[in-house]
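Participant: Next comes the structure file work20.cif, holding mmCIF, C-alpha atoms and all ligand atoms.
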data_data
loop_
_atom_site.label_atom_id
_atom_site.label_comp_id
_atom_site.auth_asym_id
_atom_site.auth_seq_id
_atom_site.Cartn_x
_atom_site.Cartn_y
_atom_site.Cartn_z
CA MET A 1 -17.08 12.80 14.30
CA PRO A 2 -18.94 10.89 11.52
CA GLU A 3 -22.70 10.89 12.23
CA PHE A 4 -23.07 7.11 12.47
CA ASP A 5 -20.49 6.79 15.24
CA ASN A 6 -23.37 8.07 17.43
CA TYR A 7 -25.50 5.06 16.44
CA ARG A 8 -23.13 2.20 17.10
CA ASP A 9 -25.26 0.79 19.93
CA ASN A 10 -28.83 1.83 19.09
CA TYR A 11 -28.71 1.66 15.24
CA HIS A 12 -30.77 -1.54 14.98
CA ASP A 13 -33.28 -0.57 17.71
CA ASP A 14 -33.94 2.81 16.05
CA ILE A 15 -34.56 1.25 12.63
CA ASN A 16 -36.72 -1.54 14.03
CA ALA A 17 -38.82 0.98 15.97
CA ALA A 18 -39.44 3.03 12.78
CA ILE A 19 -40.52 -0.03 10.71
CA ARG A 20 -42.36 -1.96 13.43
CA PHE A 21 -45.81 -1.20 11.91
CA SER A 22 -44.81 -3.19 8.79
CA GLY A 23 -44.57 -6.35 10.91
CA LYS A 24 -41.05 -6.97 9.61
CA SER A 25 -37.59 -6.42 11.05
CA GLN A 26 -34.56 -4.71 9.58
CA ALA A 27 -33.02 -8.18 9.10
CA TYR A 28 -35.89 -9.13 6.79
CA PHE A 29 -35.38 -6.13 4.47
CA THR A 30 -31.62 -6.72 4.55
CA GLN A 31 -32.11 -10.34 3.44
CA VAL A 32 -34.35 -9.31 0.54
CA LYS A 33 -31.68 -6.91 -0.74
CA ALA A 34 -28.99 -9.60 -0.41
CA ARG A 35 -31.08 -11.87 -2.64
CA TYR A 36 -31.42 -9.13 -5.28
CA LEU A 37 -27.70 -8.52 -5.09
CA GLY A 38 -26.93 -12.23 -5.44
CA ASN A 39 -29.26 -12.46 -8.46
CA GLU A 40 -27.66 -9.48 -10.18
CA LEU A 41 -24.15 -10.92 -9.67
CA THR A 42 -25.29 -14.33 -10.89
CA GLN A 43 -26.85 -12.82 -14.02
CA LYS A 44 -23.68 -10.90 -14.78
CA PHE A 45 -20.91 -13.30 -13.76
CA GLY A 46 -22.59 -16.72 -13.52
CA ALA A 47 -23.06 -18.54 -10.23
CA ASN A 48 -20.48 -18.81 -7.49
CA ASN A 49 -17.53 -17.25 -9.26
CA ASN A 50 -14.57 -15.91 -7.34
CA LEU A 51 -15.57 -12.25 -7.16
CA LYS A 52 -14.02 -9.30 -5.36
CA VAL A 53 -16.87 -7.12 -4.13
CA LEU A 54 -16.81 -3.78 -2.31
CA ASP A 55 -19.54 -2.55 0.05
CA VAL A 56 -19.26 1.26 0.34
CA GLY A 57 -20.89 2.50 3.55
CA CYS A 58 -21.04 -1.03 4.96
CA GLY A 59 -22.14 0.06 8.45
CA HIS A 60 -22.20 -2.90 10.89
CA GLY A 61 -21.91 -5.34 7.97
CA ASP A 62 -25.44 -6.62 8.58
CA ILE A 63 -25.92 -7.77 5.00
CA HIS A 64 -22.62 -9.61 4.69
CA PRO A 65 -23.65 -13.06 6.00
CA PHE A 66 -26.73 -12.94 3.73
CA ILE A 67 -24.55 -12.03 0.75
CA HIS A 68 -22.30 -15.02 1.36
CA GLN A 69 -25.48 -17.15 1.35
CA ALA A 70 -26.83 -15.53 -1.82
CA TYR A 71 -23.56 -15.82 -3.77
CA ALA A 72 -20.86 -18.27 -2.73
CA GLY A 73 -17.27 -17.38 -3.60
CA ILE A 74 -17.29 -13.67 -2.82
CA GLU A 75 -14.29 -11.94 -1.31
CA LEU A 76 -16.01 -9.11 0.52
CA THR A 77 -14.54 -5.75 1.53
CA GLY A 78 -16.49 -3.17 3.53
CA ILE A 79 -15.57 0.49 3.96
CA ASP A 80 -17.29 3.22 5.94
CA VAL A 81 -16.56 6.67 7.34
CA ALA A 82 -17.68 5.68 10.87
CA GLY A 83 -14.81 3.92 12.66
CA THR A 84 -16.87 2.48 15.52
CA VAL A 85 -19.28 0.64 13.20
CA VAL A 86 -16.39 -0.64 11.05
CA ASP A 87 -14.75 -2.04 14.22
CA GLU A 88 -18.05 -3.71 15.10
CA ALA A 89 -18.34 -5.25 11.61
CA ALA A 90 -14.73 -6.48 11.76
CA SER A 91 -15.28 -8.21 15.09
CA ARG A 92 -18.57 -9.79 13.96
CA TYR A 93 -17.35 -11.00 10.56
CA PRO A 94 -13.56 -11.61 10.63
CA GLU A 95 -13.82 -13.49 7.31
CA ASN A 96 -14.28 -10.13 5.50
CA ASP A 97 -11.92 -7.17 5.11
CA TYR A 98 -13.04 -3.86 6.70
CA ARG A 99 -11.49 -0.40 6.47
CA VAL A 100 -12.34 3.10 7.61
CA TYR A 101 -11.96 5.81 4.97
CA ASP A 102 -12.43 9.55 4.59
CA GLY A 103 -15.61 9.42 2.45
CA ASN A 104 -13.77 11.05 -0.42
CA ARG A 105 -11.18 8.69 -1.90
CA ILE A 106 -11.83 4.94 -1.75
CA PRO A 107 -8.60 3.43 -0.38
CA PHE A 108 -8.00 0.99 -3.25
CA GLU A 109 -6.25 1.01 -6.62
CA ASP A 110 -8.13 1.56 -9.87
CA GLU A 111 -10.04 -1.48 -11.18
CA THR A 112 -9.71 -3.62 -8.04
CA PHE A 113 -13.26 -4.98 -7.75
CA ASP A 114 -15.71 -6.93 -9.92
CA SER A 115 -18.57 -5.06 -8.30
CA ALA A 116 -19.17 -2.21 -5.87
CA PHE A 117 -22.42 -1.60 -4.06
CA ALA A 118 -23.86 0.89 -1.57
CA ILE A 119 -27.03 0.24 0.42
CA CYS A 120 -28.95 3.13 1.93
CA VAL A 121 -25.79 5.25 2.05
CA MET A 122 -26.16 7.98 -0.55
CA HIS A 123 -29.02 9.71 1.27
CA HIS A 124 -26.54 10.25 4.12
CA VAL A 125 -23.89 11.69 1.82
CA PRO A 126 -24.18 15.48 1.31
CA PRO A 127 -25.63 16.11 -2.20
CA PRO A 128 -22.57 18.10 -3.44
CA GLN A 129 -20.54 14.89 -2.88
CA TRP A 130 -22.88 12.51 -4.77
CA GLU A 131 -20.98 12.70 -8.07
CA GLN A 132 -17.61 12.11 -6.41
CA PHE A 133 -19.09 9.15 -4.52
CA LEU A 134 -20.19 7.50 -7.80
CA ARG A 135 -16.97 8.42 -9.65
CA GLU A 136 -14.90 6.76 -6.95
CA MET A 137 -16.97 3.59 -7.24
CA LEU A 138 -16.41 3.68 -11.02
CA ARG A 139 -12.66 4.11 -10.55
CA VAL A 140 -12.21 1.02 -8.37
CA VAL A 141 -14.43 -1.29 -10.46
CA LYS A 142 -12.90 -3.37 -13.28
CA GLU A 143 -13.97 -3.10 -16.90
CA ASP A 144 -17.34 -4.82 -17.29
CA GLY A 145 -17.79 -4.69 -13.52
CA VAL A 146 -21.09 -3.82 -11.91
CA LEU A 147 -22.46 -0.99 -9.75
CA LEU A 148 -25.48 -1.53 -7.49
CA VAL A 149 -26.88 1.34 -5.41
CA PHE A 150 -29.92 0.65 -3.21
CA GLU A 151 -31.90 3.63 -2.00
CA HIS A 152 -35.20 4.56 -0.33
CA ASN A 153 -37.87 5.53 -2.84
CA PRO A 154 -39.13 9.03 -1.96
CA SER A 155 -42.22 8.48 -4.18
CA ASN A 156 -43.50 5.85 -1.74
CA PRO A 157 -45.50 7.44 1.13
CA ILE A 158 -44.75 4.61 3.58
CA THR A 159 -41.03 5.03 2.97
CA ARG A 160 -41.33 8.76 3.62
CA ARG A 161 -43.17 8.03 6.89
CA ILE A 162 -40.43 5.63 8.02
CA VAL A 163 -37.67 8.10 7.16
CA ASN A 164 -39.49 10.90 8.97
CA ASN A 165 -39.78 8.74 12.12
CA CYS A 166 -36.26 7.37 12.19
CA PRO A 167 -33.78 9.42 14.27
CA LEU A 168 -30.81 8.31 12.20
CA ASP A 169 -32.43 9.73 9.05
CA GLU A 170 -32.71 13.19 10.59
CA ASN A 171 -30.26 14.66 8.05
CA ALA A 172 -31.13 12.35 5.16
CA VAL A 173 -31.69 13.77 1.67
CA LEU A 174 -33.60 11.18 -0.36
CA LEU A 175 -32.75 10.73 -4.05
CA PRO A 176 -35.48 10.02 -6.57
CA ALA A 177 -34.54 7.03 -8.77
CA ARG A 178 -34.45 9.18 -11.90
CA GLN A 179 -31.98 11.57 -10.31
CA LEU A 180 -29.70 8.72 -9.24
CA SER A 181 -29.73 7.08 -12.68
CA ASP A 182 -28.96 10.47 -14.29
CA LEU A 183 -26.04 10.92 -11.87
CA CYS A 184 -24.73 7.44 -12.67
CA GLN A 185 -24.75 8.23 -16.39
CA LYS A 186 -23.14 11.61 -15.83
CA THR A 187 -20.31 10.02 -13.83
CA GLY A 188 -19.51 7.47 -16.55
CA TRP A 189 -21.57 4.38 -15.71
CA LYS A 190 -23.18 2.65 -18.72
CA ASP A 191 -26.32 0.55 -19.24
CA VAL A 192 -27.88 2.28 -16.24
CA ARG A 193 -31.27 0.91 -15.10
CA ASN A 194 -33.56 1.37 -12.10
CA GLN A 195 -35.51 -1.46 -10.52
CA PHE A 196 -38.13 -0.84 -7.83
CA ILE A 197 -38.45 -3.41 -5.03
CA LEU A 198 -40.32 -4.15 -1.81
CA PHE A 199 -43.84 -3.51 -3.08
CA THR A 200 -45.18 -5.63 -0.19
CA PRO A 201 -43.69 -6.72 3.14
CA PHE A 202 -44.49 -10.39 2.40
CA SER A 203 -41.76 -12.93 1.84
CA THR A 204 -43.54 -15.94 0.32
CA LYS A 205 -42.57 -16.98 -3.23
CA PRO A 206 -45.65 -15.50 -5.01
CA PHE A 207 -45.03 -12.10 -3.41
CA GLU A 208 -41.33 -12.26 -4.32
CA GLN A 209 -42.34 -12.98 -7.89
CA LEU A 210 -44.83 -10.09 -7.82
CA ASP A 211 -41.99 -7.80 -6.68
CA ARG A 212 -39.98 -8.76 -9.76
CA TRP A 213 -42.90 -8.26 -12.14
CA LEU A 214 -43.61 -4.80 -10.77
CA GLY A 215 -39.96 -3.70 -10.87
CA ALA A 216 -40.48 -0.98 -13.49
CA ILE A 217 -43.26 0.75 -11.54
CA PRO A 218 -41.82 3.57 -9.43
CA LEU A 219 -43.78 2.75 -6.27
CA GLY A 220 -41.78 0.09 -4.41
CA ALA A 221 -40.54 1.07 -0.96
CA GLN A 222 -36.95 1.00 -2.23
CA TYR A 223 -35.16 0.71 -5.55
CA PHE A 224 -31.76 -0.12 -6.87
CA THR A 225 -29.85 1.48 -9.69
CA LYS A 226 -27.43 -0.68 -11.59
CA GLY A 227 -24.71 0.24 -14.04
CA VAL A 228 -21.74 -1.30 -15.81
CA ARG A 229 -18.23 0.02 -16.27
CA ARG A 230 -17.34 -0.03 -19.95
CA ALA A 231 -13.87 0.50 -21.38
CA ASN A 232 -13.06 4.03 -22.44
CA LYS A 233 -13.00 4.29 -26.24
CA HIS A 234 -9.31 5.23 -26.26
CA THR A 235 -8.33 2.09 -24.30
CA ARG A 236 -9.86 -0.11 -27.02
CA LEU A 237 -7.41 1.17 -29.67
C1 LIG B 301 -28.13 3.62 7.04
S1 LIG B 301 -26.47 3.13 7.22
C2 LIG B 301 -26.43 1.76 6.09
C3 LIG B 301 -25.39 0.76 6.45
C4 LIG B 301 -25.35 -0.48 5.55
N1 LIG B 301 -25.07 -0.12 4.17
C5 LIG B 301 -26.61 -1.26 5.65
O1 LIG B 301 -27.42 -1.24 4.70
O2 LIG B 301 -26.80 -1.93 6.69
C6 LIG B 301 -25.57 4.36 6.33
C7 LIG B 301 -24.06 4.21 6.43
O3 LIG B 301 -23.44 5.08 5.49
C8 LIG B 301 -22.24 5.55 6.07
N2 LIG B 301 -21.79 6.74 5.33
C9 LIG B 301 -22.22 8.01 5.42
N3 LIG B 301 -21.53 8.80 4.55
C10 LIG B 301 -20.66 7.99 3.89
C11 LIG B 301 -19.68 8.18 2.86
N4 LIG B 301 -19.44 9.39 2.31
N5 LIG B 301 -18.99 7.12 2.43
C12 LIG B 301 -19.20 5.89 2.98
N6 LIG B 301 -20.11 5.65 3.95
C13 LIG B 301 -20.83 6.68 4.41
C14 LIG B 301 -22.62 5.79 7.51
O4 LIG B 301 -21.48 5.90 8.36
C15 LIG B 301 -23.48 4.55 7.80
O5 LIG B 301 -22.72 3.49 8.30
#
So that I can check it, write out the structure of this file as structure tokens.

Facilitator:
Amino acid sequence: MPEFDNYRDNYHDDINAAIRFSGKSQAYFTQVKARYLGNELTQKFGANNNLKVLDVGCGHGDIHPFIHQAYAGIELTGIDVAGTVVDEAASRYPENDYRVYDGNRIPFEDETFDSAFAICVMHHVPPPQWEQFLREMLRVVKEDGVLLVFEHNPSNPITRRIVNNCPLDENAVLLPARQLSDLCQKTGWKDVRNQFILFTPFSTKPFEQLDRWLGAIPLGAQYFTKGVRRANKHTRL
């Protein structure tokens, strides 16, 4: 049985217990990431375009309402290996499309989506499968489409403390940002960049701005790695 089927009911309580000392809830951190995602899509595609977007490892779909707020016009699909959490997401957010899959082959045709993202998923995927995970995301994204992978930053001591205290991270293997960006390049993603986020747990405008200024410094609690799918040289001929 996929690991996260065991956490259908206590997933949110376990995370909130591990981060309680920060004074913020899981919903807060989820909202911050939705805003980053919305900004990245806006920068790439302009505002409020009709985009097809895939969330790989969507869990309960917690971020989906915030994504609809951050970027209007998205057609959202969520996939996950844990059937019980996918069922939960589907009943909470019937406006989106949810599917269970085997964790190996994404159940969509090549070049279906404008963007694919994964949030705090890869550290739950066994390391020998990391390349396949990123290659599958590349396969289903259209030319010029965008990859966004959000991960915990193992260089941040507070993040390590949270992960060590969170039961659902018992088997997690954290990826340093450099390793993830190298893997993205190796699997065919182009223009790969890392941006560090969540330097403070404060949500007022000046602190949000500070977060953006510090983005190149590898100390934020989390980071995201972005990449673009470029046409293969032979398809340009
Ligand atoms: C910490 S949860 C994150 C859920 C969601 N992305 C979020 O941020 O709220 C990790 C999720 O990754 C899923 N997962 C683990 N291995 C996976 C794989 N190979 N492919 C897709 N999802 C996977 C788990 O079932 C779980 O729902």

Participant: Enumerate residues in contact with ligand LIG 301 (chain B): an atom-to-atom distance of at most 9 Å, counting all atoms listed in the file. Format the result as a ChimeraX atom specification.

Facilitator: /A:2-5,7-8,11,15,26,30,33,55-64,79-83,85-86,100-104,106,117-126,129-130,133,150,168-169

Participant: Got time to write the residues from that selection, C-alpha atoms, as an mmCIF file, keeping the file's coordinate frame?

Facilitator:
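Everything below was put into result32.cif:
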data_model
loop_
_atom_site.group_PDB
_atom_site.id
_atom_site.type_symbol
_atom_site.label_atom_id
_atom_site.label_comp_id
_atom_site.auth_asym_id
_atom_site.auth_seq_id
_atom_site.Cartn_x
_atom_site.Cartn_y
_atom_site.Cartn_z
ATOM 1 C CA PRO A 2 -18.940 10.890 11.520
ATOM 2 C CA GLU A 3 -22.700 10.890 12.230
ATOM 3 C CA PHE A 4 -23.070 7.110 12.470
ATOM 4 C CA ASP A 5 -20.490 6.790 15.240
ATOM 5 C CA TYR A 7 -25.500 5.060 16.440
ATOM 6 C CA ARG A 8 -23.130 2.200 17.100
ATOM 7 C CA TYR A 11 -28.710 1.660 15.240
ATOM 8 C CA ILE A 15 -34.560 1.250 12.630
ATOM 9 C CA GLN A 26 -34.560 -4.710 9.580
ATOM 10 C CA THR A 30 -31.620 -6.720 4.550
ATOM 11 C CA LYS A 33 -31.680 -6.910 -0.740
ATOM 12 C CA ASP A 55 -19.540 -2.550 0.050
ATOM 13 C CA VAL A 56 -19.260 1.260 0.340
ATOM 14 C CA GLY A 57 -20.890 2.500 3.550
ATOM 15 C CA CYS A 58 -21.040 -1.030 4.960
ATOM 16 C CA GLY A 59 -22.140 0.060 8.450
ATOM 17 C CA HIS A 60 -22.200 -2.900 10.890
ATOM 18 C CA GLY A 61 -21.910 -5.340 7.970
ATOM 19 C CA ASP A 62 -25.440 -6.620 8.580
ATOM 20 C CA ILE A 63 -25.920 -7.770 5.000
ATOM 21 C CA HIS A 64 -22.620 -9.610 4.690
ATOM 22 C CA ILE A 79 -15.570 0.490 3.960
ATOM 23 C CA ASP A 80 -17.290 3.220 5.940
ATOM 24 C CA VAL A 81 -16.560 6.670 7.340
ATOM 25 C CA ALA A 82 -17.680 5.680 10.870
ATOM 26 C CA GLY A 83 -14.810 3.920 12.660
ATOM 27 C CA VAL A 85 -19.280 0.640 13.200
ATOM 28 C CA VAL A 86 -16.390 -0.640 11.050
ATOM 29 C CA VAL A 100 -12.340 3.100 7.610
ATOM 30 C CA TYR A 101 -11.960 5.810 4.970
ATOM 31 C CA ASP A 102 -12.430 9.550 4.590
ATOM 32 C CA GLY A 103 -15.610 9.420 2.450
ATOM 33 C CA ASN A 104 -13.770 11.050 -0.420
ATOM 34 C CA ILE A 106 -11.830 4.940 -1.750
ATOM 35 C CA PHE A 117 -22.420 -1.600 -4.060
ATOM 36 C CA ALA A 118 -23.860 0.890 -1.570
ATOM 37 C CA ILE A 119 -27.030 0.240 0.420
ATOM 38 C CA CYS A 120 -28.950 3.130 1.930
ATOM 39 C CA VAL A 121 -25.790 5.250 2.050
ATOM 40 C CA MET A 122 -26.160 7.980 -0.550
ATOM 41 C CA HIS A 123 -29.020 9.710 1.270
ATOM 42 C CA HIS A 124 -26.540 10.250 4.120
ATOM 43 C CA VAL A 125 -23.890 11.690 1.820
ATOM 44 C CA PRO A 126 -24.180 15.480 1.310
ATOM 45 C CA GLN A 129 -20.540 14.890 -2.880
ATOM 46 C CA TRP A 130 -22.880 12.510 -4.770
ATOM 47 C CA PHE A 133 -19.090 9.150 -4.520
ATOM 48 C CA PHE A 150 -29.920 0.650 -3.210
ATOM 49 C CA LEU A 168 -30.810 8.310 12.200
ATOM 50 C CA ASP A 169 -32.430 9.730 9.050
#

Participant: Closest to Ala177 (chain A) among A:Met1, A:Leu76, A:Ala221, A:Ala89, using all atoms listed in the file?

Facilitator: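 Closest to Ala177 (chain A) of all the choices is A:Ala221.
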
Participant: Would you mind telling me which residue in A:Arg193, A:Arg99, A:His68, A:Lys186 lies nearest to Val228 (chain A) when using only C-alpha atoms?

Facilitator: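 Once distances to Val228 (chain A) are computed over only C-alpha atoms, the minimum belongs to A:Arg193.
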
Participant: When distances are computed from only C-alpha atoms, which of A:Gln69, A:Ile74, A:Tyr36, A:Pro128 shows the smallest separation from Gln195 (chain A)?

Facilitator: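 Closest residue, counting only C-alpha atoms: A:Tyr36.
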
Participant: Quick one, how far is CA of Leu51 (chain A) from CA of Asp87 (chain A)?

Facilitator: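 Between these atoms lies a distance of 23.7 Å.
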
Participant: Using CA of Leu180 (chain A) and CA of Thr225 (chain A) as the two end points, give the distance in Å to one decimal.

Facilitator: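 Distance reported for this atom pair: 7.3 Å.
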
Participant: Could you please determine the separation between CA of Ile19 (chain A) and CA of Asn194 (chain A) in Å, to one decimal place?

Facilitator: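 Interatomic distance here is 23.9 Å.
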
Participant: For each of A:Ala17, A:Ala72, A:Ile158, A:Leu138, take the minimum atom-to-atom distance to Pro201 (chain A), counting all atoms listed in the file, then give the residue where this is smallest.

Facilitator: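 Residue with the minimum atom-to-atom distance to Pro201 (chain A): A:Ile158.
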
Participant: Pick from A:Cys166, A:Leu175, A:Leu210, A:Val140: nearest to Arg20 (chain A), with only C-alpha atoms counted?

Facilitator: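 The shortest atom-to-atom distance to Arg20 (chain A) comes from A:Cys166.
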
Participant: Could you give me, as a list in words, the residues within 9 Å of Asp144 (chain A), counting only C-alpha atoms and dropping anything in the same chain fewer than 2 positions from it?

Facilitator: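 Residues near the query, excluding close chain neighbours: Asp114, Val141, Lys142, Val146, Val228, Arg229, Arg230 and Ala231 of chain A.
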
Participant: Just region 206-216 of chain A, please, as an mmCIF file, in the first residue's frame (only all heavy atoms).

Facilitator:
data_model
loop_
_atom_site.group_PDB
_atom_site.id
_atom_site.type_symbol
_atom_site.label_atom_id
_atom_site.label_comp_id
_atom_site.auth_asym_id
_atom_site.auth_seq_id
_atom_site.Cartn_x
_atom_site.Cartn_y
_atom_site.Cartn_z
ATOM 1 N N PRO A 206 6.585 43.583 3.229
ATOM 2 C CA PRO A 206 8.041 43.758 3.255
ATOM 3 C C PRO A 206 8.788 42.425 3.391
ATOM 4 O O PRO A 206 9.842 42.224 2.779
ATOM 5 C CB PRO A 206 8.284 44.640 4.480
ATOM 6 C CG PRO A 206 6.972 45.266 4.796
ATOM 7 C CD PRO A 206 5.916 44.362 4.278
ATOM 8 N N PHE A 207 8.222 41.505 4.183
ATOM 9 C CA PHE A 207 8.893 40.214 4.342
ATOM 10 C C PHE A 207 8.787 39.371 3.066
ATOM 11 O O PHE A 207 9.712 38.635 2.720
ATOM 12 C CB PHE A 207 8.333 39.462 5.551
ATOM 13 C CG PHE A 207 8.862 39.993 6.853
ATOM 14 C CD1 PHE A 207 8.078 40.791 7.661
ATOM 15 C CD2 PHE A 207 10.165 39.727 7.251
ATOM 16 C CE1 PHE A 207 8.574 41.302 8.843
ATOM 17 C CE2 PHE A 207 10.673 40.230 8.434
ATOM 18 C CZ PHE A 207 9.875 41.025 9.236
ATOM 19 N N GLU A 208 7.655 39.510 2.370
ATOM 20 C CA GLU A 208 7.523 38.795 1.081
ATOM 21 C C GLU A 208 8.556 39.317 0.091
ATOM 22 O O GLU A 208 9.168 38.560 -0.662
ATOM 23 C CB GLU A 208 6.121 39.001 0.506
ATOM 24 C CG GLU A 208 5.136 38.019 1.061
ATOM 25 C CD GLU A 208 3.808 38.049 0.299
ATOM 26 O OE1 GLU A 208 3.712 38.701 -0.755
ATOM 27 O OE2 GLU A 208 2.879 37.389 0.779
ATOM 28 N N GLN A 209 8.749 40.635 0.112
ATOM 29 C CA GLN A 209 9.735 41.231 -0.790
ATOM 30 C C GLN A 209 11.142 40.755 -0.428
ATOM 31 O O GLN A 209 11.947 40.410 -1.297
ATOM 32 C CB GLN A 209 9.639 42.769 -0.697
ATOM 33 C CG GLN A 209 10.418 43.502 -1.754
ATOM 34 C CD GLN A 209 10.033 43.071 -3.167
ATOM 35 O OE1 GLN A 209 8.859 43.032 -3.511
ATOM 36 N NE2 GLN A 209 11.017 42.710 -3.977
ATOM 37 N N LEU A 210 11.409 40.711 0.887
ATOM 38 C CA LEU A 210 12.718 40.243 1.367
ATOM 39 C C LEU A 210 12.984 38.826 0.851
ATOM 40 O O LEU A 210 14.079 38.506 0.378
ATOM 41 C CB LEU A 210 12.724 40.261 2.903
ATOM 42 C CG LEU A 210 14.021 39.870 3.595
ATOM 43 C CD1 LEU A 210 15.079 40.958 3.361
ATOM 44 C CD2 LEU A 210 13.793 39.690 5.104
ATOM 45 N N ASP A 211 11.964 37.972 0.921
ATOM 46 C CA ASP A 211 12.071 36.594 0.438
ATOM 47 C C ASP A 211 12.545 36.564 -1.016
ATOM 48 O O ASP A 211 13.404 35.765 -1.393
ATOM 49 C CB ASP A 211 10.684 35.939 0.517
ATOM 50 C CG ASP A 211 10.722 34.566 1.164
ATOM 51 O OD1 ASP A 211 11.407 34.413 2.176
ATOM 52 O OD2 ASP A 211 10.072 33.660 0.627
ATOM 53 N N ARG A 212 11.983 37.467 -1.825
ATOM 54 C CA ARG A 212 12.344 37.482 -3.247
ATOM 55 C C ARG A 212 13.761 37.989 -3.455
ATOM 56 O O ARG A 212 14.493 37.502 -4.308
ATOM 57 C CB ARG A 212 11.347 38.330 -4.039
ATOM 58 C CG ARG A 212 10.006 37.647 -4.125
ATOM 59 C CD ARG A 212 8.933 38.518 -4.716
ATOM 60 N NE ARG A 212 7.633 38.035 -4.263
ATOM 61 C CZ ARG A 212 7.002 36.992 -4.777
ATOM 62 N NH1 ARG A 212 7.528 36.339 -5.783
ATOM 63 N NH2 ARG A 212 5.854 36.590 -4.292
ATOM 64 N N TRP A 213 14.175 38.978 -2.643
ATOM 65 C CA TRP A 213 15.535 39.500 -2.796
ATOM 66 C C TRP A 213 16.583 38.452 -2.424
ATOM 67 O O TRP A 213 17.656 38.398 -2.987
ATOM 68 C CB TRP A 213 15.726 40.728 -1.907
ATOM 69 C CG TRP A 213 15.133 41.984 -2.461
ATOM 70 C CD1 TRP A 213 14.894 42.287 -3.778
ATOM 71 C CD2 TRP A 213 14.693 43.122 -1.709
ATOM 72 N NE1 TRP A 213 14.326 43.518 -3.896
ATOM 73 C CE2 TRP A 213 14.190 44.072 -2.639
ATOM 74 C CE3 TRP A 213 14.655 43.452 -0.351
ATOM 75 C CZ2 TRP A 213 13.680 45.307 -2.259
ATOM 76 C CZ3 TRP A 213 14.162 44.683 0.027
ATOM 77 C CH2 TRP A 213 13.672 45.591 -0.918
ATOM 78 N N LEU A 214 16.231 37.633 -1.426
ATOM 79 C CA LEU A 214 17.221 36.671 -0.916
ATOM 80 C C LEU A 214 17.246 35.362 -1.709
ATOM 81 O O LEU A 214 18.027 34.462 -1.397
ATOM 82 C CB LEU A 214 16.911 36.350 0.559
ATOM 83 C CG LEU A 214 16.998 37.518 1.547
ATOM 84 C CD1 LEU A 214 16.587 37.058 2.942
ATOM 85 C CD2 LEU A 214 18.408 38.093 1.587
ATOM 86 N N GLY A 215 16.415 35.269 -2.744
ATOM 87 C CA GLY A 215 16.169 33.998 -3.428
ATOM 88 C C GLY A 215 17.384 33.214 -3.891
ATOM 89 O O GLY A 215 17.317 32.006 -4.054
ATOM 90 N N ALA A 216 18.534 33.904 -4.091
ATOM 91 C CA ALA A 216 19.713 33.173 -4.569
ATOM 92 C C ALA A 216 20.531 32.583 -3.412
ATOM 93 O O ALA A 216 21.470 31.808 -3.636
ATOM 94 C CB ALA A 216 20.603 34.120 -5.385
#
